[in-house]
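Novice: my_file21.cif is the file, holding mmCIF, C-alpha atoms and all ligand atoms:
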```cif
data_run
loop_
_atom_site.group_PDB
_atom_site.id
_atom_site.type_symbol
_atom_site.label_atom_id
_atom_site.label_comp_id
_atom_site.auth_asym_id
_atom_site.auth_seq_id
_atom_site.Cartn_x
_atom_site.Cartn_y
_atom_site.Cartn_z
ATOM 1 C CA MET T 1 -31.495 25.860 -25.288
ATOM 2 C CA LEU T 2 -27.781 26.106 -25.830
ATOM 3 C CA ARG T 3 -26.078 25.272 -22.596
ATOM 4 C CA VAL T 4 -22.288 25.183 -22.604
ATOM 5 C CA GLU T 5 -20.323 23.246 -19.967
ATOM 6 C CA LEU T 6 -17.590 25.640 -18.953
ATOM 7 C CA HIS T 7 -15.168 23.025 -17.567
ATOM 8 C CA ALA T 8 -15.138 21.542 -21.087
ATOM 9 C CA VAL T 9 -14.354 24.959 -22.593
ATOM 10 C CA ALA T 10 -11.500 25.398 -20.109
ATOM 11 C CA ALA T 11 -9.921 22.261 -21.640
ATOM 12 C CA GLY T 12 -10.137 23.632 -25.195
ATOM 13 C CA PRO T 13 -12.358 25.466 -27.679
ATOM 14 C CA LEU T 14 -15.803 23.931 -28.134
ATOM 15 C CA GLU T 15 -18.003 23.964 -31.212
ATOM 16 C CA THR T 16 -21.367 25.600 -30.598
ATOM 17 C CA VAL T 17 -23.846 23.952 -32.911
ATOM 18 C CA ALA T 18 -27.577 24.007 -32.395
ATOM 19 C CA GLU T 19 -30.838 24.233 -34.249
ATOM 20 C CA VAL T 20 -33.721 25.965 -32.535
ATOM 21 C CA ALA T 21 -37.270 25.626 -33.796
ATOM 22 C CA PRO T 22 -39.239 28.863 -34.256
ATOM 23 C CA ALA T 23 -41.724 27.606 -31.658
ATOM 24 C CA ASP T 24 -39.019 27.121 -29.008
ATOM 25 C CA PRO T 25 -40.002 28.865 -25.734
ATOM 26 C CA ALA T 26 -36.593 30.591 -25.769
ATOM 27 C CA LEU T 27 -37.835 32.564 -28.772
ATOM 28 C CA ALA T 28 -41.243 33.372 -27.296
ATOM 29 C CA ASP T 29 -42.532 36.942 -27.419
ATOM 30 C CA LEU T 30 -40.073 38.160 -30.007
ATOM 31 C CA GLU T 31 -41.680 40.949 -32.002
ATOM 32 C CA PHE T 32 -40.838 39.111 -35.223
ATOM 33 C CA ARG T 33 -40.849 35.330 -35.100
ATOM 34 C CA PRO T 34 -38.327 33.349 -37.100
ATOM 35 C CA ALA T 35 -39.920 31.900 -40.229
ATOM 36 C CA GLU T 36 -37.610 28.897 -40.173
ATOM 37 C CA THR T 37 -35.255 26.969 -37.890
ATOM 38 C CA VAL T 38 -32.590 29.124 -36.230
ATOM 39 C CA ARG T 39 -29.200 27.581 -37.034
ATOM 40 C CA ILE T 40 -26.379 28.388 -34.639
ATOM 41 C CA THR T 41 -22.764 27.556 -35.330
ATOM 42 C CA GLY T 42 -19.412 28.850 -34.119
ATOM 43 C CA ARG T 43 -17.124 28.109 -31.239
ATOM 44 C CA ILE T 44 -16.444 29.239 -27.712
ATOM 45 C CA MET T 45 -13.050 29.403 -26.054
ATOM 46 C CA ALA T 46 -11.629 30.362 -22.682
ATOM 47 C CA THR T 47 -9.757 33.674 -22.709
ATOM 48 C CA GLY T 48 -8.593 33.766 -19.116
ATOM 49 C CA GLN T 49 -9.892 32.948 -15.662
ATOM 50 C CA GLY T 50 -13.694 33.021 -15.771
ATOM 51 C CA SER T 51 -13.792 34.579 -19.249
ATOM 52 C CA TYR T 52 -15.064 32.966 -22.437
ATOM 53 C CA PHE T 53 -15.256 34.351 -25.934
ATOM 54 C CA TRP T 54 -17.927 33.191 -28.352
ATOM 55 C CA GLU T 55 -17.510 33.560 -32.095
ATOM 56 C CA GLY T 56 -20.913 32.574 -33.336
ATOM 57 C CA ARG T 57 -23.037 32.686 -36.412
ATOM 58 C CA ILE T 58 -26.823 32.820 -36.387
ATOM 59 C CA ARG T 59 -28.776 32.014 -39.515
ATOM 60 C CA THR T 60 -32.521 32.024 -39.990
ATOM 61 C CA ALA T 61 -35.215 34.017 -41.746
ATOM 62 C CA MET T 62 -37.717 36.417 -40.254
ATOM 63 C CA ALA T 63 -41.355 36.735 -41.276
ATOM 64 C CA VAL T 64 -42.233 40.423 -41.412
ATOM 65 C CA THR T 65 -44.516 42.652 -43.460
ATOM 66 C CA CYS T 66 -43.570 45.172 -46.121
ATOM 67 C CA ARG T 67 -43.672 48.577 -44.488
ATOM 68 C CA ARG T 68 -45.340 50.153 -47.528
ATOM 69 C CA CYS T 69 -47.800 47.574 -48.864
ATOM 70 C CA LEU T 70 -48.074 45.184 -45.880
ATOM 71 C CA VAL T 71 -47.570 41.948 -47.827
ATOM 72 C CA PRO T 72 -45.693 39.218 -45.920
ATOM 73 C CA VAL T 73 -41.953 39.289 -46.560
ATOM 74 C CA VAL T 74 -39.371 36.738 -45.461
ATOM 75 C CA VAL T 75 -36.014 38.363 -44.738
ATOM 76 C CA PRO T 76 -32.930 36.144 -44.436
ATOM 77 C CA ILE T 77 -30.753 36.684 -41.376
ATOM 78 C CA ASP T 78 -27.066 35.771 -41.301
ATOM 79 C CA GLN T 79 -25.442 37.367 -38.300
ATOM 80 C CA ARG T 80 -21.930 36.977 -36.911
ATOM 81 C CA VAL T 81 -21.665 37.331 -33.159
ATOM 82 C CA HIS T 82 -18.567 38.147 -31.127
ATOM 83 C CA LEU T 83 -19.439 38.080 -27.475
ATOM 84 C CA LEU T 84 -17.461 37.948 -24.232
ATOM 85 C CA PHE T 85 -18.905 36.105 -21.239
ATOM 86 C CA THR T 86 -17.008 36.912 -18.072
ATOM 87 C CA GLU T 87 -17.095 36.751 -14.290
ATOM 88 C CA ASP T 88 -15.067 39.970 -14.232
ATOM 89 C CA GLU T 89 -17.412 42.776 -13.159
ATOM 90 C CA ASP T 90 -14.719 45.327 -14.050
ATOM 91 C CA THR T 91 -14.488 44.227 -17.683
ATOM 92 C CA ASP T 92 -14.030 47.139 -20.062
ATOM 93 C CA ASP T 93 -16.107 45.408 -22.760
ATOM 94 C CA PRO T 94 -19.513 47.156 -22.594
ATOM 95 C CA ALA T 95 -21.163 44.313 -24.514
ATOM 96 C CA ALA T 96 -19.837 41.624 -22.174
ATOM 97 C CA VAL T 97 -22.309 39.278 -20.513
ATOM 98 C CA LEU T 98 -21.606 38.906 -16.788
ATOM 99 C CA LEU T 99 -21.439 35.378 -15.397
ATOM 100 C CA PRO T 100 -22.011 34.544 -11.739
ATOM 101 C CA PRO T 101 -18.762 33.624 -9.901
ATOM 102 C CA ARG T 102 -17.611 30.045 -10.575
ATOM 103 C CA ALA T 103 -20.417 29.443 -13.060
ATOM 104 C CA ALA T 104 -20.473 25.830 -14.260
ATOM 105 C CA THR T 105 -22.477 26.478 -17.411
ATOM 106 C CA LEU T 106 -23.563 29.350 -19.580
ATOM 107 C CA ASP T 107 -26.609 29.601 -21.809
ATOM 108 C CA LEU T 108 -26.171 31.034 -25.284
ATOM 109 C CA GLY T 109 -29.950 31.189 -25.639
ATOM 110 C CA ASP T 110 -30.278 34.703 -24.240
ATOM 111 C CA ALA T 111 -27.482 35.941 -26.494
ATOM 112 C CA VAL T 112 -29.167 34.412 -29.542
ATOM 113 C CA ARG T 113 -32.463 35.963 -28.526
ATOM 114 C CA GLU T 114 -30.836 39.381 -28.113
ATOM 115 C CA GLU T 115 -29.215 39.123 -31.534
ATOM 116 C CA LEU T 116 -32.500 38.212 -33.180
ATOM 117 C CA ILE T 117 -34.150 41.247 -31.557
ATOM 118 C CA LEU T 118 -31.326 43.515 -32.789
ATOM 119 C CA ASP T 119 -31.423 42.027 -36.289
ATOM 120 C CA ALA T 120 -35.177 42.168 -36.708
ATOM 121 C CA PRO T 121 -35.736 44.116 -39.921
ATOM 122 C CA GLU T 122 -38.068 46.883 -38.803
ATOM 123 C CA PHE T 123 -38.227 48.586 -42.158
ATOM 124 C CA ALA T 124 -38.460 45.704 -44.581
ATOM 125 C CA LEU T 125 -39.693 46.320 -48.105
ATOM 126 C CA CYS T 126 -41.056 43.634 -50.441
ATOM 127 C CA ARG T 127 -38.851 45.285 -53.078
ATOM 128 C CA ASP T 128 -36.925 48.550 -53.206
ATOM 129 C CA ASP T 129 -39.417 50.255 -55.504
ATOM 130 C CA CYS T 130 -42.569 49.056 -53.741
ATOM 131 C CA ARG T 131 -45.305 51.587 -54.572
ATOM 132 C CA GLY T 132 -47.197 50.910 -51.359
ATOM 133 C CA LEU T 133 -50.888 51.377 -50.732
ATOM 134 C CA CYS T 134 -52.927 54.362 -51.881
ATOM 135 C CA PRO T 135 -53.343 56.452 -48.715
ATOM 136 C CA ARG T 136 -56.938 57.261 -49.717
ATOM 137 C CA CYS T 137 -58.493 53.999 -50.955
ATOM 138 C CA GLY T 138 -55.957 51.408 -49.759
ATOM 139 C CA THR T 139 -55.415 49.879 -53.203
ATOM 140 C CA ASP T 140 -52.095 48.085 -53.577
ATOM 141 C CA LEU T 141 -50.476 50.326 -56.177
ATOM 142 C CA ASN T 142 -48.084 47.513 -57.190
ATOM 143 C CA GLN T 143 -51.137 45.883 -58.798
ATOM 144 C CA GLY T 144 -51.844 49.004 -60.876
ATOM 145 C CA PRO T 145 -53.272 52.475 -60.381
ATOM 146 C CA CYS T 146 -56.383 52.974 -58.275
ATOM 147 C CA GLN T 147 -59.527 54.912 -59.162
ATOM 148 C CA CYS T 148 -58.616 57.918 -57.033
ATOM 149 C CA ARG T 149 -58.406 61.032 -59.234
ATOM 150 C CA PRO T 150 -55.284 63.046 -58.404
ATOM 151 C CA ASP T 151 -57.232 66.302 -58.906
ATOM 152 C CA ALA T 152 -59.559 65.291 -56.054
ATOM 153 C CA ASP T 153 -56.629 65.840 -53.675
ATOM 154 C CA PRO T 154 -56.749 69.395 -52.246
ATOM 155 C CA ARG T 155 -52.962 69.670 -52.473
ATOM 156 C CA TRP T 156 -53.148 69.041 -56.227
ATOM 157 C CA ALA T 157 -56.011 71.518 -56.544
ATOM 158 C CA ALA T 158 -53.894 74.193 -54.837
ATOM 159 C CA LEU T 159 -50.987 73.512 -57.166
ATOM 160 C CA GLU T 160 -53.250 73.679 -60.180
ATOM 161 C CA ALA T 161 -54.633 77.028 -58.982
ATOM 162 C CA LEU T 162 -51.071 78.359 -58.693
ATOM 163 C CA GLY T 163 -50.295 77.083 -62.166
ATOM 164 C CA THR T 164 -53.352 78.829 -63.601
ATOM 165 C CA GLN T 165 -52.394 82.109 -61.915
ATOM 166 C CA GLY T 166 -48.908 81.855 -63.387
ATOM 167 C CA ASP T 167 -50.386 81.403 -66.839
ATOM 168 C CA ASP T 168 -52.573 84.473 -66.387
ATOM 169 C CA GLU T 169 -49.616 86.695 -65.501
ATOM 170 C CA THR T 170 -47.570 85.662 -68.520
ATOM 171 C CA ARG T 171 -50.459 86.369 -70.889
HETATM 172 ZN ZN ZN H 1 -44.368 46.274 -50.572
HETATM 173 ZN ZN ZN H 2 -56.653 55.307 -54.322
#
```
Could you spell out this file's structure in structure tokens?
Ligand SMILES: [Zn+2]
Ligand SMILES: [Zn+2]

Specialist:
Amino acid sequence: MLRVELHAVAAGPLETVAEVAPADPALADLEFRPAETVRITGRIMATGQGSYFWEGRIRTAMAVTCRRCLVPVVVPIDQRVHLLFTEDEDTDDPAAVLLPPRAATLDLGDAVREELILDAPEFALCRDDCRGLCPRCGTDLNQGPCQCRPDADPRWAALEALGTQGDDETR
């Protein structure tokens, strides 16, 4: 989706600008799909024979669900990327992406995909103090209390029994 001609980069830094639709096959089978167009900016420059450094920025929003109450939540993503592409198999950059020898082009698509996977908000909340769902009846407690009586919970009953005992001893 974002193919860079490397002979052009060898002549000077190149802007990397692209917009990728959420339905683009390059973004298929992500766990969380982008909720809006993925906007890619930045630039790529040669940093030696067969090595290219990309300073990129990826902006979009992800459609996820609140981990507590399960309502849909859209989380904005604004990620800076610093990534080395190189033909040098002995590179000491563990994050470097290896290029085949004398590659004519490189595809930023995989890098963008990887970043979106890393940035996917696994533990999104609709708001910091989301009350979540009642574990017994499933009521969304953000909408108000449910009909479950706290004293019907055996853990509460045990605590109440302890409290009663305590009262007896002090009397
Ligand atoms: Zn929530
Ligand atoms: Zn309940």

Novice: Sorted by chain and rising residue number, which residues of chain T lie within 6 Å of ligand ZN 1 (chain H), and what are their closest atom pairs and distances in Å to one decimal, counting only C-alpha atoms and all ligand atoms, as a tab-separated table?

Specialist:
```
residue	atom	partner	partner_atom	distance
T:Cys66	CA	H:ZN1	ZN	4.7
T:Arg68	CA	H:ZN1	ZN	5.0
T:Cys69	CA	H:ZN1	ZN	4.0
T:Leu125	CA	H:ZN1	ZN	5.3
T:Cys126	CA	H:ZN1	ZN	4.2
T:Cys130	CA	H:ZN1	ZN	4.6
T:Gly132	CA	H:ZN1	ZN	5.5
```

Novice: The PyMOL selection byres (((chain T and resi 133-144) around 10) and not hetatm) - which residues does that actually catch in the file I just gave you? List them as a list in words.

Specialist: Arg67, Arg68, Cys69, Leu70, Val71, Asp129, Cys130, Arg131, Gly132, Pro145, Cys146, Gln147, Cys148 and Asp153 of chain T

Novice: Would you translate the PyMOL selection byres (((chain T and resi 113) around 12) and not hetatm) into the concrete set of residues it matches in this file, as a PyMOL selection string?

Specialist: chain T and resi 1-2+20+22+24-34+38+40+58+81+107-112+114-120

Novice: For Gly50 (chain T), which residue among T:Ala21, T:Ala96, T:Ala10, T:Met62 is the nearest when counting all atoms listed in the file?

Specialist: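 For Gly50 (chain T), the nearest of the candidates is T:Ala10.
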
Novice: I'd like the interatomic distance between CA of Glu5 (chain T) and CA of Glu36 (chain T), to a tenth of an Å.

Specialist: 27.2 Å

Novice: Give as a short mmCIF file (atom, residue, chain, number, x, y, z; two decimals) with C-alpha atoms, in the coordinates of the input each residue that has an atom at most 12 Å from (-17.6, 32.4, -16.3) in the file, counting only C-alpha atoms.

Specialist:
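Output contents, as saved in selection17.cif:
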```cif
data_model
loop_
_atom_site.label_atom_id
_atom_site.label_comp_id
_atom_site.auth_asym_id
_atom_site.auth_seq_id
_atom_site.Cartn_x
_atom_site.Cartn_y
_atom_site.Cartn_z
CA VAL T 4 -22.29 25.18 -22.60
CA GLU T 5 -20.32 23.25 -19.97
CA LEU T 6 -17.59 25.64 -18.95
CA HIS T 7 -15.17 23.02 -17.57
CA VAL T 9 -14.35 24.96 -22.59
CA ALA T 10 -11.50 25.40 -20.11
CA ILE T 44 -16.44 29.24 -27.71
CA MET T 45 -13.05 29.40 -26.05
CA ALA T 46 -11.63 30.36 -22.68
CA THR T 47 -9.76 33.67 -22.71
CA GLY T 48 -8.59 33.77 -19.12
CA GLN T 49 -9.89 32.95 -15.66
CA GLY T 50 -13.69 33.02 -15.77
CA SER T 51 -13.79 34.58 -19.25
CA TYR T 52 -15.06 32.97 -22.44
CA PHE T 53 -15.26 34.35 -25.93
CA LEU T 84 -17.46 37.95 -24.23
CA PHE T 85 -18.90 36.10 -21.24
CA THR T 86 -17.01 36.91 -18.07
CA GLU T 87 -17.10 36.75 -14.29
CA ASP T 88 -15.07 39.97 -14.23
CA GLU T 89 -17.41 42.78 -13.16
CA ALA T 96 -19.84 41.62 -22.17
CA VAL T 97 -22.31 39.28 -20.51
CA LEU T 98 -21.61 38.91 -16.79
CA LEU T 99 -21.44 35.38 -15.40
CA PRO T 100 -22.01 34.54 -11.74
CA PRO T 101 -18.76 33.62 -9.90
CA ARG T 102 -17.61 30.04 -10.58
CA ALA T 103 -20.42 29.44 -13.06
CA ALA T 104 -20.47 25.83 -14.26
CA THR T 105 -22.48 26.48 -17.41
CA LEU T 106 -23.56 29.35 -19.58
CA ASP T 107 -26.61 29.60 -21.81
#
```

Novice: Would you mind reading off the distance between CA of His82 (chain T) and CA of Glu122 (chain T), one decimal, in Å?

Specialist: 22.7 Å

Novice: Name the residues captured by the PyMOL selection byres (((chain T and resi 78) around 6) and not hetatm) when it is applied to the shown file; answer as a list in words.

Specialist: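 For this structure, the PyMOL selection byres (((chain T and resi 78) around 6) and not hetatm) resolves to Ile58, Arg59, Ile77 and Gln79 of chain T.
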
Novice: What does the distance from CA of Gly42 (chain T) to CA of Ala61 (chain T) come to in Å, to one decimal?

Specialist: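 Between CA of Gly42 (chain T) and CA of Ala61 (chain T) the gap is 18.3 Å.
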
Novice: Would you please work out which residue, of T:Val17, T:Pro94, T:Arg149, T:Pro76, is nearest to ligand ZN 2 (chain H) when using all atoms listed in the file?

Specialist: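 Comparing T:Val17, T:Pro94, T:Arg149, T:Pro76 against ligand ZN 2 (chain H), the winner is T:Arg149.
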
Novice: Box for region 126-143 of chain T - axis-aligned, 8 Å on each of the six sides, all listed atoms - centre and size in Å to one decimal, as AutoDock Vina command-line options.

Specialist:
```
--center_x -47.7 --center_y 50.4 --center_z -53.8 --size_x 37.6 --size_y 29.6 --size_z 26.1
```

Novice: Generate a file for region 9-75 of chain T, containing C-alpha atoms, as a CSV table (one decimal), in the first residue's frame.

Specialist:
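The new file out_11.csv reads:
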```
chain,number,residue,atom,x,y,z
T,9,VAL,CA,15.5,7.8,-1.5
T,10,ALA,CA,19.1,7.4,-2.4
T,11,ALA,CA,18.9,10.8,-4.1
T,12,GLY,CA,17.4,12.5,-1.1
T,13,PRO,CA,14.9,12.2,1.7
T,14,LEU,CA,11.3,11.4,0.5
T,15,GLU,CA,8.0,12.3,2.1
T,16,THR,CA,5.9,9.3,3.0
T,17,VAL,CA,2.3,10.4,2.8
T,18,ALA,CA,-0.6,7.9,2.4
T,19,GLU,CA,-4.1,7.4,3.5
T,20,VAL,CA,-5.3,3.8,3.9
T,21,ALA,CA,-8.9,2.9,4.1
T,22,PRO,CA,-10.0,0.7,7.0
T,23,ALA,CA,-11.2,-1.9,4.5
T,24,ASP,CA,-7.8,-2.1,2.8
T,25,PRO,CA,-6.6,-5.7,2.4
T,26,ALA,CA,-3.3,-4.6,4.0
T,27,LEU,CA,-5.2,-4.1,7.3
T,28,ALA,CA,-7.2,-7.4,7.0
T,29,ASP,CA,-7.4,-9.7,10.1
T,30,LEU,CA,-6.2,-7.1,12.6
T,31,GLU,CA,-7.8,-7.9,15.9
T,32,PHE,CA,-9.1,-4.3,16.1
T,33,ARG,CA,-10.0,-2.6,12.9
T,34,PRO,CA,-9.4,1.0,12.4
T,35,ALA,CA,-12.6,3.1,12.8
T,36,GLU,CA,-11.4,5.7,10.3
T,37,THR,CA,-8.8,6.3,7.5
T,38,VAL,CA,-5.2,5.5,8.6
T,39,ARG,CA,-3.2,8.6,7.8
T,40,ILE,CA,0.5,8.1,7.3
T,41,THR,CA,3.0,10.9,7.2
T,42,GLY,CA,6.8,11.3,7.7
T,43,ARG,CA,9.9,10.9,5.7
T,44,ILE,CA,12.4,8.2,4.7
T,45,MET,CA,16.1,8.8,4.1
T,46,ALA,CA,19.1,6.8,3.2
T,47,THR,CA,21.5,6.3,6.1
T,48,GLY,CA,24.3,4.3,4.2
T,49,GLN,CA,24.6,1.6,1.7
T,50,GLY,CA,21.4,-0.4,1.6
T,51,SER,CA,20.0,1.2,4.8
T,52,TYR,CA,17.0,3.5,5.1
T,53,PHE,CA,15.6,5.2,8.1
T,54,TRP,CA,11.9,6.0,8.4
T,55,GLU,CA,10.6,8.7,10.7
T,56,GLY,CA,6.8,8.2,10.4
T,57,ARG,CA,3.6,9.1,12.1
T,58,ILE,CA,0.5,7.0,12.0
T,59,ARG,CA,-2.8,8.5,12.9
T,60,THR,CA,-6.2,6.8,13.0
T,61,ALA,CA,-8.8,5.7,15.6
T,62,MET,CA,-9.5,2.1,16.7
T,63,ALA,CA,-13.0,0.7,17.4
T,64,VAL,CA,-12.8,-1.4,20.5
T,65,THR,CA,-15.1,-2.2,23.4
T,66,CYS,CA,-14.9,-1.0,27.0
T,67,ARG,CA,-13.4,-3.8,29.0
T,68,ARG,CA,-15.8,-3.4,31.9
T,69,CYS,CA,-19.2,-2.5,30.3
T,70,LEU,CA,-18.6,-3.6,26.7
T,71,VAL,CA,-20.0,-0.5,25.0
T,72,PRO,CA,-18.2,0.5,21.8
T,73,VAL,CA,-15.3,2.9,22.3
T,74,VAL,CA,-13.3,4.7,19.7
T,75,VAL,CA,-9.7,5.3,20.8
```
